[in-house]
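Dropping query-v4.cif in here (mmCIF, C-alpha atoms):
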```
data_entry
loop_
_atom_site.label_atom_id
_atom_site.label_comp_id
_atom_site.auth_asym_id
_atom_site.auth_seq_id
_atom_site.Cartn_x
_atom_site.Cartn_y
_atom_site.Cartn_z
CA MET A 1 110.22 101.45 116.85
CA ASN A 2 111.58 97.93 116.46
CA PHE A 3 109.81 95.17 114.55
CA ILE A 4 109.71 91.43 114.10
CA GLY A 5 107.89 89.90 111.17
CA ALA A 6 106.99 86.69 109.39
CA GLY A 7 104.92 85.58 106.42
CA ILE A 8 103.64 82.14 105.43
CA THR A 9 101.70 81.04 102.36
CA ASP A 10 100.23 77.63 101.55
CA ILE A 11 98.75 76.27 98.34
CA GLY A 12 95.93 74.65 100.30
CA ILE A 13 94.17 71.37 99.65
CA SER A 14 92.63 71.75 96.20
CA LYS A 15 94.36 74.34 93.97
CA MET A 16 96.98 73.44 91.38
CA THR A 17 98.88 76.70 91.87
CA ASN A 18 99.36 79.17 94.70
CA GLN A 19 98.13 82.55 93.46
CA ASP A 20 98.82 84.31 96.78
CA SER A 21 101.99 86.32 97.33
CA ILE A 22 103.29 87.80 100.60
CA SER A 23 106.18 90.12 101.42
CA ILE A 24 107.34 91.26 104.86
CA LYS A 25 110.36 93.60 104.89
CA ILE A 26 112.10 95.26 107.83
CA ALA A 27 115.01 97.67 107.40
CA LYS A 28 116.89 100.34 109.36
CA ALA A 29 116.93 103.97 108.26
CA ASP A 30 119.63 106.19 109.72
CA THR A 31 117.30 109.05 110.64
CA LYS A 32 113.93 107.33 111.00
CA GLY A 33 114.75 104.21 112.98
CA ASN A 34 113.44 100.89 111.75
CA ILE A 35 110.90 100.65 108.93
CA ALA A 36 108.50 97.79 108.26
CA MET A 37 106.50 96.98 105.15
CA GLY A 38 103.98 94.22 104.62
CA ILE A 39 102.15 93.45 101.39
CA ILE A 40 99.72 90.67 100.53
CA CYS A 41 98.33 89.96 97.07
CA ASP A 42 95.72 87.36 96.17
CA GLY A 43 95.70 86.50 92.47
CA MET A 44 92.19 86.08 91.18
CA GLY A 45 91.19 82.47 91.75
CA GLY A 46 88.75 82.26 88.85
CA LEU A 47 91.05 83.93 86.34
CA ASP A 48 94.05 82.59 84.45
CA LYS A 49 97.56 83.47 85.60
CA GLY A 50 96.56 85.08 88.87
CA GLU A 51 99.92 84.06 90.28
CA VAL A 52 101.64 86.18 87.61
CA ALA A 53 99.63 89.24 88.63
CA SER A 54 100.27 88.87 92.36
CA ALA A 55 103.98 88.15 91.91
CA THR A 56 104.38 91.12 89.55
CA VAL A 57 102.92 93.50 92.11
CA ILE A 58 105.00 92.09 94.97
CA LYS A 59 108.18 92.42 92.90
CA ARG A 60 107.43 96.05 92.00
CA PHE A 61 106.88 97.07 95.62
CA GLY A 62 109.96 95.17 96.74
CA LYS A 63 111.96 97.24 94.29
CA TRP A 64 110.28 100.41 95.58
CA PHE A 65 111.24 99.52 99.17
CA GLU A 66 114.86 98.79 98.29
CA GLU A 67 115.56 101.52 95.73
CA GLU A 68 113.03 104.34 96.02
CA LEU A 69 112.05 104.60 99.68
CA PRO A 70 115.57 105.56 100.90
CA LYS A 71 115.49 108.63 98.63
CA LYS A 72 112.06 109.77 99.78
CA ILE A 73 111.85 108.93 103.45
CA LEU A 74 113.02 112.38 104.56
CA ILE A 75 111.01 114.46 102.11
CA LYS A 76 107.63 112.71 101.93
CA THR A 77 104.88 112.27 104.50
CA LEU A 78 103.10 108.95 104.89
CA GLU A 79 100.06 110.46 103.20
CA GLU A 80 102.23 111.37 100.21
CA ILE A 81 103.72 107.88 100.17
CA GLY A 82 100.19 106.47 100.19
CA GLN A 83 99.38 108.58 97.13
CA GLU A 84 102.58 107.34 95.47
CA TRP A 85 101.60 103.73 96.14
CA SER A 86 98.20 104.48 94.65
CA MET A 87 99.84 105.77 91.47
CA ILE A 88 102.07 102.68 91.27
CA LEU A 89 98.99 100.47 91.54
CA LYS A 90 97.26 102.41 88.76
CA GLU A 91 100.34 101.92 86.56
CA LEU A 92 100.48 98.21 87.42
CA ASN A 93 96.78 97.89 86.67
CA TYR A 94 97.40 99.22 83.16
CA ARG A 95 100.52 97.10 82.60
CA ILE A 96 98.92 93.86 83.76
CA MET A 97 95.78 94.53 81.75
CA GLN A 98 97.86 95.19 78.61
CA TYR A 99 99.81 91.98 79.20
CA GLY A 100 96.54 90.08 79.52
CA LYS A 101 95.29 91.50 76.23
CA GLN A 102 98.52 90.54 74.48
CA GLN A 103 98.37 87.00 75.86
CA ASN A 104 94.58 86.74 75.43
CA ILE A 105 94.14 85.89 79.11
CA SER A 106 92.48 87.47 82.13
CA LEU A 107 94.46 88.07 85.30
CA GLY A 108 94.27 90.26 88.35
CA THR A 109 95.16 90.55 92.01
CA THR A 110 94.08 92.14 95.25
CA PHE A 111 96.51 94.39 97.11
CA SER A 112 96.73 95.19 100.80
CA GLY A 113 99.89 96.93 101.95
CA ILE A 114 101.12 98.65 105.10
CA LEU A 115 104.21 100.80 105.66
CA ILE A 116 105.23 101.66 109.23
CA ILE A 117 107.68 104.49 109.90
CA GLU A 118 108.43 105.64 113.44
CA GLU A 119 105.04 105.60 115.19
CA GLN A 120 102.71 105.92 112.21
CA TYR A 121 101.42 103.70 109.43
CA VAL A 122 99.89 104.09 106.00
CA ILE A 123 97.69 101.40 104.44
CA VAL A 124 96.82 101.15 100.76
CA HIS A 125 94.15 98.65 99.77
CA VAL A 126 92.40 97.20 96.71
CA GLY A 127 90.07 94.18 96.88
CA ASP A 128 89.26 91.83 99.76
CA SER A 129 92.52 90.75 101.30
CA ARG A 130 92.63 92.26 104.79
CA ILE A 131 94.85 94.02 107.30
CA TYR A 132 94.03 93.75 110.99
CA GLN A 133 95.45 95.45 114.06
CA ILE A 134 95.77 93.20 117.09
CA THR A 135 96.13 94.80 120.53
CA GLU A 136 93.77 93.78 123.31
CA LYS A 137 91.32 92.98 120.53
CA LEU A 138 91.18 92.17 116.81
CA GLU A 139 90.34 95.19 114.65
CA GLN A 140 89.92 95.12 110.87
CA LEU A 141 91.60 98.17 109.32
CA THR A 142 90.66 97.61 105.67
CA GLU A 143 87.19 97.45 104.15
CA ASP A 144 86.38 94.67 101.69
CA GLN A 145 85.78 96.10 98.23
CA THR A 146 83.16 93.52 97.31
CA PHE A 147 79.62 93.58 95.99
CA ILE A 148 78.41 91.98 99.22
CA GLN A 149 80.09 94.54 101.49
CA ARG A 150 78.70 97.39 99.42
CA GLU A 151 75.17 96.01 99.64
CA ILE A 152 75.46 95.47 103.40
CA LYS A 153 76.72 99.04 103.82
CA ARG A 154 73.79 100.36 101.78
CA GLY A 155 71.32 98.41 103.87
CA ASN A 156 70.25 96.24 100.96
CA MET A 157 71.45 92.96 102.48
CA THR A 158 71.82 91.45 105.94
CA LEU A 159 74.85 89.54 107.18
CA GLU A 160 72.80 86.35 107.14
CA GLN A 161 71.82 86.92 103.50
CA ALA A 162 75.43 87.71 102.60
CA LYS A 163 76.67 84.36 103.91
CA VAL A 164 74.64 82.42 101.33
CA ASP A 165 74.67 84.88 98.43
CA SER A 166 76.30 83.47 95.28
CA ARG A 167 78.02 86.82 94.65
CA LYS A 168 80.00 86.82 97.88
CA ASN A 169 83.35 86.59 96.04
CA LEU A 170 82.56 89.31 93.48
CA LEU A 171 85.14 92.12 93.74
CA LEU A 172 84.32 95.72 92.85
CA GLN A 173 87.92 96.27 91.71
CA CYS A 174 91.24 94.49 91.49
CA VAL A 175 94.65 95.30 90.02
CA GLY A 176 94.91 94.16 86.42
CA ALA A 177 91.26 93.31 85.81
CA SER A 178 89.52 96.67 86.37
CA ARG A 179 89.33 99.50 83.85
CA GLU A 180 90.41 101.81 86.67
CA VAL A 181 91.43 101.23 90.29
CA THR A 182 90.88 103.64 93.16
CA PRO A 183 92.87 102.36 96.14
CA GLU A 184 91.72 103.05 99.69
CA ILE A 185 94.39 105.01 101.62
CA LYS A 186 94.39 105.12 105.40
CA THR A 187 96.86 106.44 107.99
CA GLY A 188 97.05 105.92 111.73
CA ASP A 189 99.20 105.82 114.83
CA VAL A 190 101.24 102.84 115.99
CA ASN A 191 101.71 101.78 119.60
CA LYS A 192 104.29 99.32 120.85
CA ASN A 193 103.16 95.75 121.54
CA THR A 194 100.82 95.88 118.55
CA VAL A 195 100.59 93.20 115.85
CA PHE A 196 99.51 93.97 112.30
CA MET A 197 98.14 90.92 110.48
CA LEU A 198 97.74 90.69 106.71
CA CYS A 199 95.74 87.80 105.30
CA SER A 200 94.09 86.47 102.17
CA ASP A 201 90.43 85.53 102.30
CA GLY A 202 91.39 81.86 102.30
CA PHE A 203 92.98 82.32 105.72
CA ARG A 204 90.05 83.98 107.46
CA HIS A 205 86.95 82.28 106.03
CA VAL A 206 86.73 79.39 108.50
CA LEU A 207 88.51 80.85 111.54
CA THR A 208 86.84 82.70 114.40
CA GLU A 209 88.21 85.95 115.75
CA ALA A 210 88.81 84.18 119.07
CA GLU A 211 90.99 81.53 117.37
CA ILE A 212 93.02 84.18 115.57
CA TYR A 213 93.49 86.24 118.72
CA HIS A 214 94.45 83.25 120.85
CA ASN A 215 97.29 82.37 118.47
CA LEU A 216 98.40 85.81 117.26
CA SER A 217 97.95 88.21 120.17
CA PRO A 218 100.94 90.47 120.93
CA ASP A 219 101.76 88.76 124.22
CA THR A 220 101.82 85.37 122.48
CA LEU A 221 104.15 86.35 119.62
CA THR A 222 107.45 86.84 121.43
CA ASP A 223 109.76 86.03 118.52
CA LYS A 224 109.80 85.15 114.83
CA SER A 225 109.85 81.40 115.38
CA ILE A 226 106.65 81.56 117.43
CA MET A 227 105.08 83.80 114.77
CA GLU A 228 105.84 81.18 112.14
CA TYR A 229 104.77 78.23 114.31
CA ASN A 230 101.45 79.74 115.36
CA SER A 231 100.71 80.89 111.80
CA ARG A 232 101.35 77.36 110.55
CA GLN A 233 99.08 75.94 113.24
CA LEU A 234 96.24 78.19 112.06
CA ILE A 235 96.88 77.34 108.41
CA ASP A 236 96.74 73.64 109.23
CA LEU A 237 93.48 74.24 111.10
CA VAL A 238 92.05 76.04 108.06
CA LYS A 239 93.04 73.13 105.81
CA SER A 240 91.46 70.62 108.20
CA ARG A 241 88.18 72.54 107.81
CA ASN A 242 88.22 71.94 104.06
CA GLU A 243 88.98 75.49 102.91
CA LYS A 244 89.47 75.28 99.12
CA ASP A 245 91.47 78.47 98.55
CA ASN A 246 95.16 79.32 98.91
CA ILE A 247 95.97 80.39 102.48
CA THR A 248 98.33 83.22 103.43
CA VAL A 249 99.09 85.25 106.54
CA GLY A 250 101.74 87.88 107.31
CA LEU A 251 102.60 89.42 110.69
CA ILE A 252 104.45 92.51 111.85
CA LYS A 253 104.88 93.08 115.60
CA CYS A 254 105.84 96.51 116.91
CA VAL A 255 108.03 95.86 119.94
CA GLY A 256 108.93 99.42 120.95
#
```

As structure tokens, how would this structure be written, given the file I've shared?
Amino acid sequence: MNFIGAGITDIGISKMTNQDSISIKIAKADTKGNIAMGIICDGMGGLDKGEVASATVIKRFGKWFEEELPKKILIKTLEEIGQEWSMILKELNYRIMQYGKQQNISLGTTFSGILIIEEQYVIVHVGDSRIYQITEKLEQLTEDQTFIQREIKRGNMTLEQAKVDSRKNLLLQCVGASREVTPEIKTGDVNKNTVFMLCSDGFRHVLTEAEIYHNLSPDTLTDKSIMEYNSRQLIDLVKSRNEKDNITVGLIKCVG
């Protein structure tokens, strides 16, 4: 499988710092073909130093991709790699929390990551950043770990009620600000001419699925420059609609 990828982040119209972090990495493995990894982290907007938390996590997984993955690619399944990512996130949760205690600050970050090897993927997820699969339609692959989503799932709240509930941004867990984290792990198959989209909540709040699909469908994204241009067009549209948060989107296209 071959890949093209791009990631763009924007501070937005009202924040003093950009607490989002994005990483898209593509590399060639001698025995496994090309490998793609995408990770998005959204530092907690209401907490101090969220940008430190998100950047710390991105840096750790970048090191894993460069130094640890080559040693393990032949001996570990994607399910086992997902479990390893989960353990790394648990360790980072402890480290970031200890740093916050030492500095007398609160900080945390979401985490949504995907690793694609050959024709399979593994996703590991904490919080409410999202990963979508775009084929002939837009399909959300992660489930928001929020109070609102939990209440909707339990039948205690309707979608209409959720839109106006003051707790709509309340996370059930995040890396660095939860006593314990239990990442969601999911595996699946990959088909050529598929796009995987990673995004922070600031990107998706004011866009329709039709607008996202029109700009980011597989047939539209023929090269990296178009990926970047169309992503920027959507980010500018989000900003024009007065979104207050940081705005980030990452794309990986599987081109066969």

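What separates atom CA of A:Ile24 from atom CA of A:Ser217 is a distance of 18.2 Å.
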
For this session: Would you list the contacts of A:Ile35 as a PyMOL selection string, taking every protein, DNA or RNA residue within 9 Å and counting all atoms listed in the file, but skipping same-chain residues closer than 4 positions in sequence?
Result: chain A and resi 1-3+25-29+115-118

Exercise. The PyMOL selection byres ((chain A and resi 110) around 6) on the file shown: which residues, as number ranges by chain?
Worked result: A: 41-42, 109, 111, 126-127, 174

For this session: Name the residues captured by the PyMOL selection byres ((chain A and resi 77) around 12) when it is applied to the shown file; answer as a list in words.
Result: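 Output of the PyMOL selection byres ((chain A and resi 77) around 12): Leu69, Lys72, Ile73, Leu74, Ile75, Lys76, Leu78, Glu79, Glu80, Ile81, Gly82, Gln83, Glu84, Leu115, Ile116, Ile117, Glu118, Gln120, Tyr121, Val122 and Thr187 of chain A.
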
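Of the listed residues (A:Thr220, A:Ile148, A:Arg241, A:Thr182), A:Ile148 comes nearest to A:Arg167; the distances count all atoms listed in the file.
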
Exercise. Quick one: of A:Asn34, A:Ser225, A:Gln161, A:Ser231, who's nearest to A:Glu211, counting only C-alpha atoms?
Worked result: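 For A:Glu211, the nearest of the candidates is A:Ser231.
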
For this session: Run the PyMOL selection byres ((chain A and resi 146) around 8) against the file shown and list the residues it catches, as a list in words.
Result: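 That expression, the PyMOL selection byres ((chain A and resi 146) around 8), corresponds here to Gly127, Asp128, Asp144, Gln145, Phe147, Ile148, Gln149, Arg150, Lys168, Asn169, Leu170, Leu171, Leu172 and Gln173 of chain A.
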
For this session: Could you check which of A:Ile114, A:Met97, A:Leu107, A:Ile11 is closest to A:Leu141, using only C-alpha atoms?
Result: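 Checking each candidate against A:Leu141, we get A:Ile114 as the closest.
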
For this session: May I ask for the distance between atom CA of A:His205 and atom CA of A:Asp245, given in Å to one decimal place?
Result: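 Distance between the two atoms: 9.5 Å.
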
For this session: Tell me, in Å to one decimal, how far atom CA of A:Lys137 is from atom CA of A:Thr222.
Result: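 Separation between atom CA of A:Lys137 and atom CA of A:Thr222: 17.3 Å.
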
Exercise. Nearest to A:Val57: which of A:Ser129, A:Gly176, A:Arg204, A:Gln98 is it, counting only C-alpha atoms?
Worked result: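 Of all the options, A:Gly176 lies closest to A:Val57.
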
For this session: Select all residues near (105.1, 81.5, 99.2) (cut-off 9 Å, inclusive, file coordinates), counting only C-alpha atoms, and output them as a VMD selection string.
Result: chain A and resid 7 to 11 18 20 to 23 248

Residues of the last selection are to be written out with C-alpha atoms, as a PDB file, in the frame of the given file.
```
ATOM      1  CA  GLY A   7     104.920  85.580 106.420  1.00  0.00           C
ATOM      2  CA  ILE A   8     103.640  82.140 105.430  1.00  0.00           C
ATOM      3  CA  THR A   9     101.700  81.040 102.360  1.00  0.00           C
ATOM      4  CA  ASP A  10     100.230  77.630 101.550  1.00  0.00           C
ATOM      5  CA  ILE A  11      98.750  76.270  98.340  1.00  0.00           C
ATOM      6  CA  ASN A  18      99.360  79.170  94.700  1.00  0.00           C
ATOM      7  CA  ASP A  20      98.820  84.310  96.780  1.00  0.00           C
ATOM      8  CA  SER A  21     101.990  86.320  97.330  1.00  0.00           C
ATOM      9  CA  ILE A  22     103.290  87.800 100.600  1.00  0.00           C
ATOM     10  CA  SER A  23     106.180  90.120 101.420  1.00  0.00           C
ATOM     11  CA  THR A 248      98.330  83.220 103.430  1.00  0.00           C
TER      12      THR A 248
END
```

Problem set entry | 7 Å contact set for A:Cys199, all atoms listed in the file, chain neighbours under 4 positions out, as a list in words | Ile40, Ser129, Arg130, Ile131, Phe203, Thr248, Val249 and Gly250 of chain A

Problem set entry | Pick from A:Ser112, A:Thr17, A:Ser54, A:Asn242 nearest to A:Gly38, counting all atoms listed in the file |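 When distances to A:Gly38 are compared using all atoms listed in the file, the smallest one comes from A:Ser112.
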
For a cut-off of 12 Å around (92.0, 91.5, 83.5), file coordinates, pick out all residues using all atoms listed in the file and list them as a compact mmCIF listing (two decimals) with C-alpha atoms, in the coordinates of the input.
```
# COMPACT_ATOMS: atom_id res chain seq x y z
CA GLY A 43 95.70 86.50 92.47
CA MET A 44 92.19 86.08 91.18
CA GLY A 46 88.75 82.26 88.85
CA LEU A 47 91.05 83.93 86.34
CA ASP A 48 94.05 82.59 84.45
CA LYS A 49 97.56 83.47 85.60
CA GLY A 50 96.56 85.08 88.87
CA VAL A 52 101.64 86.18 87.61
CA ALA A 53 99.63 89.24 88.63
CA LEU A 92 100.48 98.21 87.42
CA ASN A 93 96.78 97.89 86.67
CA TYR A 94 97.40 99.22 83.16
CA ARG A 95 100.52 97.10 82.60
CA ILE A 96 98.92 93.86 83.76
CA MET A 97 95.78 94.53 81.75
CA GLN A 98 97.86 95.19 78.61
CA TYR A 99 99.81 91.98 79.20
CA GLY A 100 96.54 90.08 79.52
CA LYS A 101 95.29 91.50 76.23
CA GLN A 102 98.52 90.54 74.48
CA GLN A 103 98.37 87.00 75.86
CA ASN A 104 94.58 86.74 75.43
CA ILE A 105 94.14 85.89 79.11
CA SER A 106 92.48 87.47 82.13
CA LEU A 107 94.46 88.07 85.30
CA GLY A 108 94.27 90.26 88.35
CA THR A 109 95.16 90.55 92.01
CA THR A 110 94.08 92.14 95.25
CA GLN A 173 87.92 96.27 91.71
CA CYS A 174 91.24 94.49 91.49
CA VAL A 175 94.65 95.30 90.02
CA GLY A 176 94.91 94.16 86.42
CA ALA A 177 91.26 93.31 85.81
CA SER A 178 89.52 96.67 86.37
CA ARG A 179 89.33 99.50 83.85
CA GLU A 180 90.41 101.81 86.67
CA VAL A 181 91.43 101.23 90.29
```

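Of the residues listed (A:Gly202, A:Leu251, A:Pro218, A:Glu184), A:Gly202 shows the shortest atom-to-atom separation from A:Gly12; distances use all atoms listed in the file.
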